[in-house]
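Enquirer: This is the content of structure.cif (mmCIF, C-alpha atoms):
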data_structure
#
loop_
_atom_site.label_atom_id
_atom_site.label_comp_id
_atom_site.auth_asym_id
_atom_site.auth_seq_id
_atom_site.Cartn_x
_atom_site.Cartn_y
_atom_site.Cartn_z
CA MET A 178 100.38 118.03 86.03
CA THR A 179 101.67 115.60 88.68
CA ASP A 180 104.59 116.29 90.97
CA THR A 181 106.80 114.26 88.61
CA GLY A 182 105.87 116.33 85.57
CA CYS A 183 103.38 113.87 84.10
CA LEU A 184 100.05 115.04 82.73
CA CYS A 185 96.73 113.86 84.24
CA ARG A 186 93.66 113.68 81.99
CA ALA A 187 90.46 111.75 81.48
CA LEU A 188 90.62 108.63 79.33
CA THR A 189 88.96 108.29 75.93
CA LEU A 190 87.93 105.19 74.01
CA GLU A 191 91.12 105.63 71.94
CA ASP A 192 93.10 104.78 75.10
CA ALA A 193 91.63 101.27 75.28
CA GLU A 194 94.48 99.68 73.32
CA ARG A 195 97.17 101.24 75.51
CA CYS A 196 95.33 100.33 78.72
CA ALA A 197 95.04 96.75 77.46
CA GLU A 198 98.81 96.76 76.84
CA ILE A 199 99.48 97.96 80.39
CA SER A 200 97.12 95.36 81.88
CA THR A 201 98.72 92.60 79.83
CA ALA A 202 102.20 93.66 80.96
CA ILE A 203 101.06 93.62 84.59
CA SER A 204 99.54 90.16 84.12
CA ASN A 205 102.81 88.88 82.67
CA CYS A 206 104.85 90.36 85.52
CA ALA A 207 102.52 88.73 88.02
CA GLY A 208 102.82 85.35 86.29
CA ALA A 209 99.16 85.16 85.23
CA GLY A 210 99.95 85.30 81.50
CA GLU A 211 96.67 86.88 80.39
CA ARG A 212 96.30 88.87 77.18
CA ILE A 213 93.82 91.68 77.73
CA GLN A 214 91.82 92.63 74.64
CA PRO A 215 91.15 96.31 73.79
CA ARG A 216 87.68 95.27 72.60
CA ASP A 217 86.78 94.06 76.10
CA VAL A 218 88.13 97.26 77.62
CA ARG A 219 85.94 99.34 75.31
CA THR A 220 82.89 97.20 76.10
CA GLU A 221 83.40 97.80 79.81
CA TRP A 222 83.89 101.53 79.25
CA THR A 223 80.64 101.82 77.30
CA GLU A 224 78.38 100.01 79.76
CA PRO A 225 74.92 101.57 80.29
CA ASN A 226 74.89 104.54 82.67
CA PHE A 227 78.68 104.84 82.71
CA ASP A 228 80.50 108.05 81.75
CA LEU A 229 84.16 107.40 80.95
CA ARG A 230 85.12 111.07 80.92
CA GLU A 231 83.74 111.68 84.39
CA SER A 232 85.01 108.39 85.85
CA SER A 233 88.58 107.93 84.65
CA LEU A 234 92.08 109.23 85.12
CA GLY A 235 95.03 108.69 82.82
CA ILE A 236 98.64 109.63 83.55
CA VAL A 237 100.77 110.56 80.52
CA ASN A 238 104.54 111.06 80.65
CA ASP A 239 106.61 113.75 78.93
CA ARG A 240 106.76 111.63 75.76
CA ASP A 241 102.95 111.61 75.54
CA LEU A 242 102.82 107.93 76.55
CA LEU A 243 100.00 106.74 78.82
CA ILE A 244 101.76 105.02 81.72
CA GLY A 245 98.98 104.65 84.27
CA TYR A 246 95.20 104.71 84.52
CA ALA A 247 92.26 104.22 86.85
CA VAL A 248 88.58 103.77 86.00
CA PHE A 249 85.93 104.18 88.70
CA PHE A 250 82.57 102.36 88.67
CA ALA A 251 79.61 103.32 90.84
CA THR A 252 76.76 102.22 88.59
CA GLU A 253 74.97 99.97 91.09
CA GLN A 254 72.13 101.48 93.09
CA PRO A 255 72.70 102.33 95.81
CA PRO A 256 76.46 102.75 95.10
CA VAL A 257 77.64 101.53 98.50
CA ARG A 258 80.39 99.34 97.01
CA PRO A 259 82.06 101.34 94.25
CA TRP A 260 85.11 99.75 92.66
CA PHE A 261 87.89 100.62 90.27
CA ASN A 262 90.19 99.08 87.69
CA TRP A 263 93.71 100.45 87.59
CA GLY A 264 97.16 99.80 86.24
CA VAL A 265 100.65 101.28 86.02
CA ASP A 266 103.06 100.30 83.26
CA PRO A 267 105.73 98.11 84.93
CA GLU A 268 108.44 99.72 82.80
CA HIS A 269 107.51 103.33 83.44
CA GLY A 270 105.63 103.54 86.72
CA ASP A 271 106.71 104.03 90.29
CA ARG A 272 105.07 104.05 93.71
CA GLU A 273 104.26 107.76 93.48
CA LEU A 274 102.12 107.17 90.38
CA ARG A 275 100.32 104.28 92.05
CA VAL A 276 99.53 106.37 95.10
CA LYS A 277 98.30 109.17 92.81
CA LEU A 278 95.83 106.83 91.12
CA LEU A 279 94.67 105.26 94.38
CA SER A 280 94.14 108.67 95.99
CA TRP A 281 92.07 109.74 93.00
CA ALA A 282 89.96 106.56 93.30
CA GLN A 283 89.39 107.27 96.98
CA ASP A 284 88.27 110.83 96.20
CA LYS A 285 85.81 109.43 93.63
CA GLY A 286 84.55 106.95 96.20
CA GLU A 287 83.95 109.66 98.76
CA SER A 288 82.07 111.67 96.15
CA VAL A 289 79.23 109.11 96.08
CA ILE A 290 78.57 109.22 99.81
CA ALA A 291 75.77 111.70 99.23
CA LYS A 292 74.10 109.23 96.84
CA CYS A 293 73.96 106.46 99.46
CA PRO A 294 71.25 105.96 102.09
CA PRO A 295 71.99 107.64 105.44
CA GLY A 296 73.68 105.22 107.82
CA ALA A 297 74.72 102.76 105.09
CA ARG A 298 78.21 101.30 105.15
CA LEU A 299 80.31 102.48 102.20
CA THR A 300 83.46 100.68 101.04
CA LEU A 301 85.77 101.15 98.07
CA TRP A 302 87.09 98.09 96.23
CA GLY A 303 90.13 97.57 94.01
CA GLY A 304 92.67 94.83 93.60
CA THR A 305 95.69 93.25 91.98
CA TYR A 306 97.15 89.88 91.11
CA LYS A 307 98.20 87.80 94.08
CA GLY A 308 101.92 88.25 94.67
CA TYR A 309 102.29 91.39 92.55
CA SER A 310 104.09 93.18 95.37
CA VAL A 311 104.41 96.68 93.88
CA ASP A 312 100.63 97.00 93.64
CA GLU A 313 100.01 95.20 96.93
CA ASP A 314 102.39 97.54 98.77
CA ALA A 315 100.79 100.64 97.23
CA LEU A 316 97.28 99.50 98.17
CA LYS A 317 98.28 98.82 101.75
CA ALA A 318 100.21 102.10 102.00
CA VAL A 319 97.03 104.13 101.42
CA GLY A 320 94.86 102.11 103.78
CA PHE A 321 93.42 99.29 101.68
CA ALA A 322 93.28 95.80 103.20
CA PRO A 323 93.10 92.47 101.34
CA ARG A 324 89.66 90.91 101.66
CA ARG A 325 89.01 88.11 99.15
CA ALA A 326 90.91 86.05 96.62
CA TRP A 327 89.31 85.35 93.25
CA HIS A 328 90.65 82.24 91.57
CA GLU A 329 90.86 81.34 87.94
CA MET A 330 90.08 77.61 88.01
CA ARG A 331 91.27 75.40 85.18
CA ILE A 332 90.88 71.84 83.95
CA ASP A 333 93.32 70.32 81.47
CA MET A 334 91.67 67.31 79.87
CA ILE A 335 93.80 64.42 78.63
CA GLU A 336 90.94 62.22 77.44
CA SER A 337 87.39 62.67 76.23
CA PRO A 338 85.02 63.25 79.18
CA ALA A 339 82.43 60.56 79.75
CA PRO A 340 78.87 61.42 78.62
CA VAL A 341 76.80 62.94 81.42
CA ASP A 342 73.01 63.08 81.76
CA LEU A 343 71.21 65.76 83.70
CA PRO A 344 69.81 64.63 87.06
CA SER A 345 66.46 62.87 87.02
CA GLY A 346 63.58 65.26 86.43
CA PHE A 347 65.58 67.74 84.35
CA VAL A 348 65.98 68.04 80.59
CA ALA A 349 68.18 70.25 78.44
CA ARG A 350 66.46 72.55 75.99
CA PRO A 351 67.79 74.85 73.26
CA TYR A 352 68.44 78.50 74.01
CA ARG A 353 66.65 80.98 71.72
CA HIS A 354 68.49 84.23 72.26
CA GLU A 355 65.89 86.96 71.82
CA GLU A 356 63.12 84.95 73.45
CA ASP A 357 65.16 83.38 76.24
CA LEU A 358 67.52 86.20 77.24
CA PRO A 359 65.10 87.48 79.93
CA ILE A 360 64.84 83.90 81.27
CA LEU A 361 68.64 83.56 81.34
CA VAL A 362 68.94 86.85 83.20
CA ASP A 363 66.28 85.77 85.69
CA VAL A 364 68.10 82.50 86.39
CA VAL A 365 71.42 84.31 86.89
CA ARG A 366 69.81 86.89 89.18
CA ASP A 367 68.36 84.12 91.36
CA ALA A 368 71.52 81.99 91.31
CA PHE A 369 73.87 84.87 92.16
CA SER A 370 71.67 86.50 94.80
CA ASP A 371 73.81 84.70 97.40
CA HIS A 372 77.01 86.03 95.86
CA TYR A 373 79.25 87.91 98.31
CA GLY A 374 78.70 91.65 97.90
CA HIS A 375 75.44 91.22 95.99
CA ILE A 376 73.11 94.20 95.91
CA GLU A 377 69.75 93.66 94.24
CA GLN A 378 69.42 95.68 91.03
CA SER A 379 66.43 96.24 88.79
CA PHE A 380 65.68 93.53 86.25
CA GLU A 381 65.78 96.12 83.45
CA ARG A 382 69.28 97.24 84.45
CA ASP A 383 70.61 93.67 84.45
CA LEU A 384 68.92 92.88 81.13
CA ASP A 385 70.49 95.95 79.50
CA LEU A 386 73.90 94.98 80.88
CA PHE A 387 73.65 91.43 79.52
CA ARG A 388 72.62 92.71 76.09
CA HIS A 389 75.51 95.16 76.08
CA TRP A 390 78.12 92.50 76.81
CA PHE A 391 76.64 89.91 74.46
CA ASP A 392 76.43 92.41 71.62
CA GLY A 393 80.06 93.44 72.17
CA SER A 394 81.54 89.96 72.45
CA PRO A 395 82.79 87.90 69.49
CA TYR A 396 83.00 84.93 71.86
CA PHE A 397 79.29 84.73 72.62
CA ASP A 398 77.52 81.98 70.68
CA PRO A 399 73.83 81.53 71.54
CA GLU A 400 73.93 77.93 70.34
CA ARG A 401 76.42 77.08 73.10
CA VAL A 402 74.25 78.30 75.99
CA MET A 403 72.93 75.45 78.15
CA LEU A 404 69.54 75.57 79.85
CA ALA A 405 68.28 72.90 82.26
CA MET A 406 64.50 72.72 82.65
CA ASP A 407 62.40 71.12 85.37
CA GLU A 408 60.24 68.63 83.44
CA ALA A 409 57.38 68.88 85.93
CA THR A 410 57.01 72.67 85.84
CA ASP A 411 58.80 73.83 82.64
CA ILE A 412 60.82 76.20 84.85
CA VAL A 413 64.40 76.80 83.70
CA ALA A 414 66.24 75.74 86.84
CA GLY A 415 69.85 76.29 85.79
CA SER A 416 72.03 77.65 83.04
CA LEU A 417 75.61 77.64 81.83
CA LEU A 418 77.14 80.27 79.57
CA PRO A 419 80.31 79.13 77.78
CA LEU A 420 82.28 81.40 75.47
CA THR A 421 83.74 80.02 72.26
CA GLU A 422 87.15 80.57 73.84
CA HIS A 423 88.74 82.44 76.73
CA HIS A 424 88.67 86.19 76.07
CA ARG A 425 92.15 86.52 77.64
CA ARG A 426 93.66 83.13 76.72
CA PRO A 427 93.36 82.18 73.03
CA GLY A 428 92.72 78.50 72.49
CA VAL A 429 91.39 77.91 76.02
CA GLY A 430 87.71 77.45 76.83
CA TYR A 431 85.97 79.79 79.23
CA ILE A 432 82.77 79.39 81.23
CA ASP A 433 81.48 82.88 81.88
CA MET A 434 78.90 81.76 84.41
CA VAL A 435 77.08 78.72 85.69
CA GLY A 436 74.13 79.11 88.00
CA VAL A 437 71.27 77.17 89.54
CA ARG A 438 68.20 78.70 91.12
CA ARG A 439 68.23 78.50 94.91
CA ALA A 440 65.21 76.17 94.94
CA TYR A 441 67.07 73.60 92.82
CA ARG A 442 70.46 73.50 94.52
CA ARG A 443 72.15 70.35 95.85
CA ARG A 444 70.71 68.08 93.17
CA GLY A 445 73.85 67.78 91.04
CA LEU A 446 72.61 70.13 88.34
CA ALA A 447 75.59 72.51 88.27
CA SER A 448 78.03 69.60 88.22
CA ALA A 449 76.22 67.99 85.29
CA LEU A 450 76.14 71.24 83.32
CA LEU A 451 79.86 71.74 83.86
CA LYS A 452 80.73 68.23 82.73
CA ARG A 453 78.54 68.55 79.65
CA SER A 454 80.33 71.80 78.85
CA PHE A 455 83.75 70.13 79.19
CA SER A 456 82.59 67.45 76.76
CA ASP A 457 81.38 70.06 74.29
CA TYR A 458 84.73 71.87 74.43
CA TRP A 459 86.54 68.57 73.87
CA ASP A 460 84.42 67.82 70.81
CA ARG A 461 85.37 71.25 69.44
CA GLY A 462 89.08 70.59 69.89
CA ILE A 463 89.64 72.57 73.12
CA ARG A 464 91.43 70.68 75.88
CA SER A 465 91.67 73.30 78.67
CA VAL A 466 88.75 75.17 80.23
CA CYS A 467 88.74 78.00 82.80
CA LEU A 468 86.28 79.89 84.95
CA GLU A 469 86.54 82.36 87.83
CA VAL A 470 85.28 81.94 91.38
CA ASP A 471 85.25 83.73 94.70
CA GLY A 472 87.71 81.77 96.84
CA GLU A 473 85.41 82.14 99.85
CA SER A 474 82.13 81.71 97.99
CA LEU A 475 79.17 81.76 100.36
CA THR A 476 77.72 78.75 98.52
CA ASN A 477 81.07 76.88 98.51
CA ALA A 478 81.34 77.03 94.72
CA LEU A 479 85.10 76.39 94.96
CA ALA A 480 84.44 72.87 96.25
CA LEU A 481 82.04 72.22 93.36
CA TYR A 482 84.66 73.15 90.78
CA GLU A 483 87.28 71.04 92.51
CA ARG A 484 84.93 68.05 92.46
CA VAL A 485 84.64 68.25 88.67
CA GLY A 486 88.42 68.30 88.29
CA MET A 487 89.30 72.00 88.19
CA ARG A 488 92.27 73.48 90.06
CA VAL A 489 93.44 77.01 90.90
CA HIS A 490 95.52 78.41 88.04
CA HIS A 491 96.16 81.92 89.39
CA SER A 492 94.52 84.36 91.81
CA PHE A 493 93.46 87.99 91.95
CA VAL A 494 93.02 89.62 95.36
CA THR A 495 90.41 92.30 96.01
CA TYR A 496 91.23 95.02 98.52
CA GLU A 497 88.76 97.07 100.55
CA LYS A 498 88.90 100.51 102.13
CA LEU A 499 86.20 101.68 104.50
CA LEU A 500 84.88 105.11 103.53
CA ARG A 501 81.98 105.26 105.99
CA ASP A 502 80.92 102.77 108.64
CA GLY A 503 77.31 101.82 109.08
CA VAL A 504 74.71 99.23 108.14
CA GLU A 505 75.90 96.76 105.50
CA LEU A 506 73.44 96.67 102.60
CA ALA A 507 75.31 94.08 100.52
CA LYS A 508 75.12 90.32 100.94
CA VAL A 509 77.99 89.21 103.17
CA ALA A 510 76.56 86.00 104.69
CA LEU A 511 73.89 83.43 103.94
CA GLU A 512 70.59 83.90 105.70
#
Go through the file and emit its structure as structure tokens.
Expert:
Amino acid sequence: MTDTGCLCRALTLEDAERCAEISTAISNCAGAGERIQPRDVRTEWTEPNFDLRESSLGIVNDRDLLIGYAVFFATEQPPVRPWFNWGVDPEHGDRELRVKLLSWAQDKGESVIAKCPPGARLTLWGGTYKGYSVDEDALKAVGFAPRRAWHEMRIDMIESPAPVDLPSGFVARPYRHEEDLPILVDVVRDAFSDHYGHIEQSFERDLDLFRHWFDGSPYFDPERVMLAMDEATDIVAGSLLPLTEHHRRPGVGYIDMVGVRRAYRRRGLASALLKRSFSDYWDRGIRSVCLEVDGESLTNALALYERVGMRVHHSFVTYEKLLRDGVELAKVALE
């Protein structure tokens, strides 16, 4: 029991719907207007090598209503940057419940210190919507500091985009899911190796994770995946993964990821893939398209999205708490 008489327990998959309701209510209060889907919550909770019972906390009031939750993830190896999702029902929660959840997340973070290399820097990451003061105040009260803003970028098209060819030397080729999934994963691993906070994982781990999310998503359509191939070498140089629609905004397009191998950057390939995707959405009757980006991307991805006509729609701020100082193992700057 908590000091306020509420019950603390581990979450189960049956709690996904209620947690989605809480997250949606928070999004609405923060002005983001997202609709979180229980299906996506369950997919996240059933990721490979994740144990929901051992890595979650739910707070239930005296009417047996779940009013707050936190889910802790330390599945990367080494787990030097564990993170957590959390939420407190705006109608039922108070600061004490928020502090309870954040303190639990910190305890979970400290529990993985023994699994990290000696001398490695260990930080705990969480976050909230920009401007959602009740969460921001709670995070700061227990020692978290804001570190990076993640933006949902959006383009609202008022006319059909002009046809766009890939840059000279590149051709588009169809994506064959079972055969090409390892190639797609390899492209993404290369493209996102300069992502802030990146820690190299095994190829098998990333492949399993991609399969898990694709299998659990009704928005994944293999025929929509775009691959750009170097004509001279037959190497897939870049890829774009669009969903049939935004998983949190019905009727809006969503680009889950766009990436270009490091050796092929600065040739206009990402821009061309994005514009071709906008055109495809238009042809399918969708006029608005979103994606998410690190506001301080090491590769200046924000500027790329602005050049193709996208603008910041809302922002989510990640907060960091230092658990142990030492050598930083994650990518924090370009070499």
Enquirer: To one decimal place in Å, what is the distance between atom CA of A:Val276 and atom CA of A:Phe250?
Expert: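 Here the two named atoms are 18.6 Å from each other.
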Enquirer: Write out as a list in words which residues come within 10 Å of A:Ser204 when counting only C-alpha atoms, dropping same-chain ones fewer than 4 positions away.
Expert: Glu198, Ile199, Ser200, Gly208, Ala209, Gly210, Glu211, Arg212, Ile213, Thr305, Tyr306 and Tyr309 of chain A
Enquirer: The PyMOL selection byres ((chain A and resi 285-299) around 6) on the file shown: which residues, as a PyMOL selection string?
Expert: chain A and resi 255+257+282-284+300+500-505
Enquirer: Identify which of the residues A:Tyr458, A:Glu469, A:Ala478, A:Ala247 lies closest to A:Glu329, counting all atoms listed in the file when measuring atom-to-atom distances.
Expert: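 Smallest distance to A:Glu329 is found for A:Glu469.
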Enquirer: Need the shell around A:Arg439: protein/DNA/RNA residues with any atom at most 12 Å away, counting all atoms listed in the file. Skip same-chain ones fewer than 5 positions apart. Format as a list of chain:residue names?
Expert: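 Using all atoms listed in the file, the neighbours found are A:Asp363, A:Val364, A:Val365, A:Arg366, A:Asp367, A:Ala368, A:Phe369, A:Ser370, A:Asp371, A:His372, A:Val413, A:Ala414, A:Gly415, A:Arg444, A:Leu446, A:Ala447, A:Thr476, A:Leu511.
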Enquirer: Near A:Val466, within 6 Å and counting all atoms listed in the file, which residues show up once chain neighbours fewer than 4 positions away are dropped, as a PDB file with C-alpha atoms, keeping the file's coordinate frame?
Expert:
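Here's the written file part17.pdb:
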ATOM      1  CA  ARG A 331      91.270  75.400  85.180  1.00  0.00           C
ATOM      2  CA  ILE A 332      90.880  71.840  83.950  1.00  0.00           C
ATOM      3  CA  VAL A 429      91.390  77.910  76.020  1.00  0.00           C
ATOM      4  CA  GLY A 430      87.710  77.450  76.830  1.00  0.00           C
ATOM      5  CA  TYR A 431      85.970  79.790  79.230  1.00  0.00           C
TER       6      TYR A 431
END
Enquirer: So how far away is atom CA of A:Ala449 from atom CA of A:Glu483, in Å?
Expert: 13.6 Å
Enquirer: Would you work out the distance separating atom CA of A:Asn262 from atom CA of A:Leu316, expressed in Å to one decimal?
Expert: 12.7 Å
Enquirer: Hey, which of A:Leu384, A:Val311, A:Cys467, A:Met403 ends up closest to A:Ala349? Count all atoms listed in the file.
Expert: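 Of all the options, A:Met403 lies closest to A:Ala349.
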Enquirer: For the file shown, what are the residues hit by the PyMOL selection byres ((chain A and resi 225) around 12), laid out as a list in words?
Expert: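 In the shown coordinates, the PyMOL selection byres ((chain A and resi 225) around 12) covers Thr220, Glu221, Trp222, Thr223, Glu224, Asn226, Phe227, Asp228, Leu229, Phe250, Ala251, Thr252, Glu253, Glu381, Arg382, Asp383, Leu384, Asp385, Leu386, Phe387, Arg388, His389 and Trp390 of chain A.
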Enquirer: Can you pull out the residues contacting stretch 344-348 of chain A? Cut-off 6 Å, using all atoms listed in the file, and skip same-chain residues under 3 positions away; I want them as a list of chain:residue names.
Expert: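 Answer for this query is A:Ala405, A:Met406, A:Asp407, A:Glu408.
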Enquirer: For A:Ser465, which of A:Asp333, A:Asp357, A:Asp239, A:Asp411 is the closest residue, counting only C-alpha atoms?
Expert: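 Distance minimum relative to A:Ser465 lands on A:Asp333.
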Enquirer: For the PyMOL selection byres ((chain A and resi 187-195) around 8), applied here, can you spell out every residue it catches as a list in words?
Expert: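 This file, filtered by the PyMOL selection byres ((chain A and resi 187-195) around 8), leaves Cys185, Arg186, Cys196, Ala197, Glu198, Ile199, Gln214, Pro215, Arg216, Val218, Arg219, Trp222, Leu229, Arg230, Glu231, Ser232, Ser233, Leu234, Gly235, Leu243 and Tyr246 of chain A.
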Enquirer: Convert the current residue selection to file output with C-alpha atoms, as a PDB file, keeping the file's coordinate frame.
Expert:
ATOM      1  CA  CYS A 185      96.730 113.860  84.240  1.00  0.00           C
ATOM      2  CA  ARG A 186      93.660 113.680  81.990  1.00  0.00           C
ATOM      3  CA  CYS A 196      95.330 100.330  78.720  1.00  0.00           C
ATOM      4  CA  ALA A 197      95.040  96.750  77.460  1.00  0.00           C
ATOM      5  CA  GLU A 198      98.810  96.760  76.840  1.00  0.00           C
ATOM      6  CA  ILE A 199      99.480  97.960  80.390  1.00  0.00           C
ATOM      7  CA  GLN A 214      91.820  92.630  74.640  1.00  0.00           C
ATOM      8  CA  PRO A 215      91.150  96.310  73.790  1.00  0.00           C
ATOM      9  CA  ARG A 216      87.680  95.270  72.600  1.00  0.00           C
ATOM     10  CA  VAL A 218      88.130  97.260  77.620  1.00  0.00           C
ATOM     11  CA  ARG A 219      85.940  99.340  75.310  1.00  0.00           C
ATOM     12  CA  TRP A 222      83.890 101.530  79.250  1.00  0.00           C
ATOM     13  CA  LEU A 229      84.160 107.400  80.950  1.00  0.00           C
ATOM     14  CA  ARG A 230      85.120 111.070  80.920  1.00  0.00           C
ATOM     15  CA  GLU A 231      83.740 111.680  84.390  1.00  0.00           C
ATOM     16  CA  SER A 232      85.010 108.390  85.850  1.00  0.00           C
ATOM     17  CA  SER A 233      88.580 107.930  84.650  1.00  0.00           C
ATOM     18  CA  LEU A 234      92.080 109.230  85.120  1.00  0.00           C
ATOM     19  CA  GLY A 235      95.030 108.690  82.820  1.00  0.00           C
ATOM     20  CA  LEU A 243     100.000 106.740  78.820  1.00  0.00           C
ATOM     21  CA  TYR A 246      95.200 104.710  84.520  1.00  0.00           C
TER      22      TYR A 246
END
Enquirer: Which residues are near A:Arg272? Cut-off 12 Å, all atoms listed in the file, ignore same chain within fewer than 3 positions. Put them as a list in words.
Expert: Thr181, Gly245, Gly264, Val265, Asp266, Pro267, His269, Arg275, Val276, Lys277, Leu278, Leu279, Ser310, Val311, Asp312, Glu313, Asp314, Ala315, Leu316, Lys317, Ala318 and Val319 of chain A
Enquirer: When distances are computed from all atoms listed in the file, which of A:Arg258, A:His354, A:His423, A:Lys498 shows the smallest separation from A:Tyr396?
Expert: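 The closest residue to A:Tyr396 is A:His423.
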Enquirer: Closest to A:Ser337 among A:His491, A:Lys452, A:Arg353, A:Lys508, using all atoms listed in the file?
Expert: A:Lys452
Enquirer: Box in all listed atoms of stretch 474-478 of chain A, axis-aligned, with 5 Å more on each side; write out centre and edge lengths in Å to one decimal as JSON.
Expert:
{"center_x": 79.9, "center_y": 79.3, "center_z": 97.5, "size_x": 14.4, "size_y": 14.9, "size_z": 15.6}
Enquirer: Reconstruct stretch 373-392 of chain A at the level of N, CA and C atoms, and format the result as a PDB file, in the coordinates of the input.
Expert:
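Now in rebuild_27.pdb:
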ATOM      1  N   TYR A 373      78.730  86.933  97.365  1.00  0.00           N
ATOM      2  CA  TYR A 373      79.250  87.910  98.310  1.00  0.00           C
ATOM      3  C   TYR A 373      79.261  89.304  97.674  1.00  0.00           C
ATOM      4  N   GLY A 374      78.737  90.280  98.395  1.00  0.00           N
ATOM      5  CA  GLY A 374      78.700  91.650  97.900  1.00  0.00           C
ATOM      6  C   GLY A 374      77.499  91.971  97.032  1.00  0.00           C
ATOM      7  N   HIS A 375      76.600  91.003  96.859  1.00  0.00           N
ATOM      8  CA  HIS A 375      75.440  91.220  95.990  1.00  0.00           C
ATOM      9  C   HIS A 375      74.533  92.316  96.525  1.00  0.00           C
ATOM     10  N   ILE A 376      74.108  93.178  95.624  1.00  0.00           N
ATOM     11  CA  ILE A 376      73.110  94.200  95.910  1.00  0.00           C
ATOM     12  C   ILE A 376      72.043  94.104  94.831  1.00  0.00           C
ATOM     13  N   GLU A 377      70.830  93.857  95.213  1.00  0.00           N
ATOM     14  CA  GLU A 377      69.750  93.660  94.240  1.00  0.00           C
ATOM     15  C   GLU A 377      69.595  94.879  93.335  1.00  0.00           C
ATOM     16  N   GLN A 378      69.609  94.630  92.013  1.00  0.00           N
ATOM     17  CA  GLN A 378      69.420  95.680  91.030  1.00  0.00           C
ATOM     18  C   GLN A 378      68.104  95.436  90.286  1.00  0.00           C
ATOM     19  N   SER A 379      67.663  96.426  89.541  1.00  0.00           N
ATOM     20  CA  SER A 379      66.430  96.240  88.790  1.00  0.00           C
ATOM     21  C   SER A 379      66.645  95.221  87.671  1.00  0.00           C
ATOM     22  N   PHE A 380      65.585  94.507  87.340  1.00  0.00           N
ATOM     23  CA  PHE A 380      65.680  93.530  86.250  1.00  0.00           C
ATOM     24  C   PHE A 380      66.061  94.223  84.946  1.00  0.00           C
ATOM     25  N   GLU A 381      65.498  95.395  84.692  1.00  0.00           N
ATOM     26  CA  GLU A 381      65.780  96.120  83.450  1.00  0.00           C
ATOM     27  C   GLU A 381      67.248  96.482  83.353  1.00  0.00           C
ATOM     28  N   ARG A 382      67.853  96.894  84.454  1.00  0.00           N
ATOM     29  CA  ARG A 382      69.280  97.240  84.450  1.00  0.00           C
ATOM     30  C   ARG A 382      70.124  96.032  84.104  1.00  0.00           C
ATOM     31  N   ASP A 383      69.831  94.871  84.727  1.00  0.00           N
ATOM     32  CA  ASP A 383      70.610  93.670  84.450  1.00  0.00           C
ATOM     33  C   ASP A 383      70.412  93.195  83.012  1.00  0.00           C
ATOM     34  N   LEU A 384      69.188  93.294  82.503  1.00  0.00           N
ATOM     35  CA  LEU A 384      68.920  92.880  81.130  1.00  0.00           C
ATOM     36  C   LEU A 384      69.702  93.752  80.147  1.00  0.00           C
ATOM     37  N   ASP A 385      69.728  95.054  80.371  1.00  0.00           N
ATOM     38  CA  ASP A 385      70.490  95.950  79.500  1.00  0.00           C
ATOM     39  C   ASP A 385      71.979  95.622  79.546  1.00  0.00           C
ATOM     40  N   LEU A 386      72.478  95.292  80.734  1.00  0.00           N
ATOM     41  CA  LEU A 386      73.900  94.980  80.880  1.00  0.00           C
ATOM     42  C   LEU A 386      74.255  93.695  80.142  1.00  0.00           C
ATOM     43  N   PHE A 387      73.406  92.676  80.250  1.00  0.00           N
ATOM     44  CA  PHE A 387      73.650  91.430  79.520  1.00  0.00           C
ATOM     45  C   PHE A 387      73.663  91.695  78.021  1.00  0.00           C
ATOM     46  N   ARG A 388      72.680  92.420  77.529  1.00  0.00           N
ATOM     47  CA  ARG A 388      72.620  92.710  76.090  1.00  0.00           C
ATOM     48  C   ARG A 388      73.884  93.438  75.631  1.00  0.00           C
ATOM     49  N   HIS A 389      74.322  94.385  76.432  1.00  0.00           N
ATOM     50  CA  HIS A 389      75.510  95.160  76.080  1.00  0.00           C
ATOM     51  C   HIS A 389      76.726  94.259  75.921  1.00  0.00           C
ATOM     52  N   TRP A 390      76.939  93.369  76.873  1.00  0.00           N
ATOM     53  CA  TRP A 390      78.120  92.500  76.810  1.00  0.00           C
ATOM     54  C   TRP A 390      77.993  91.451  75.714  1.00  0.00           C
ATOM     55  N   PHE A 391      76.817  90.895  75.526  1.00  0.00           N
ATOM     56  CA  PHE A 391      76.640  89.910  74.460  1.00  0.00           C
ATOM     57  C   PHE A 391      76.841  90.549  73.089  1.00  0.00           C
ATOM     58  N   ASP A 392      76.291  91.739  72.910  1.00  0.00           N
ATOM     59  CA  ASP A 392      76.430  92.410  71.620  1.00  0.00           C
ATOM     60  C   ASP A 392      77.876  92.778  71.322  1.00  0.00           C
TER      61      ASP A 392
END
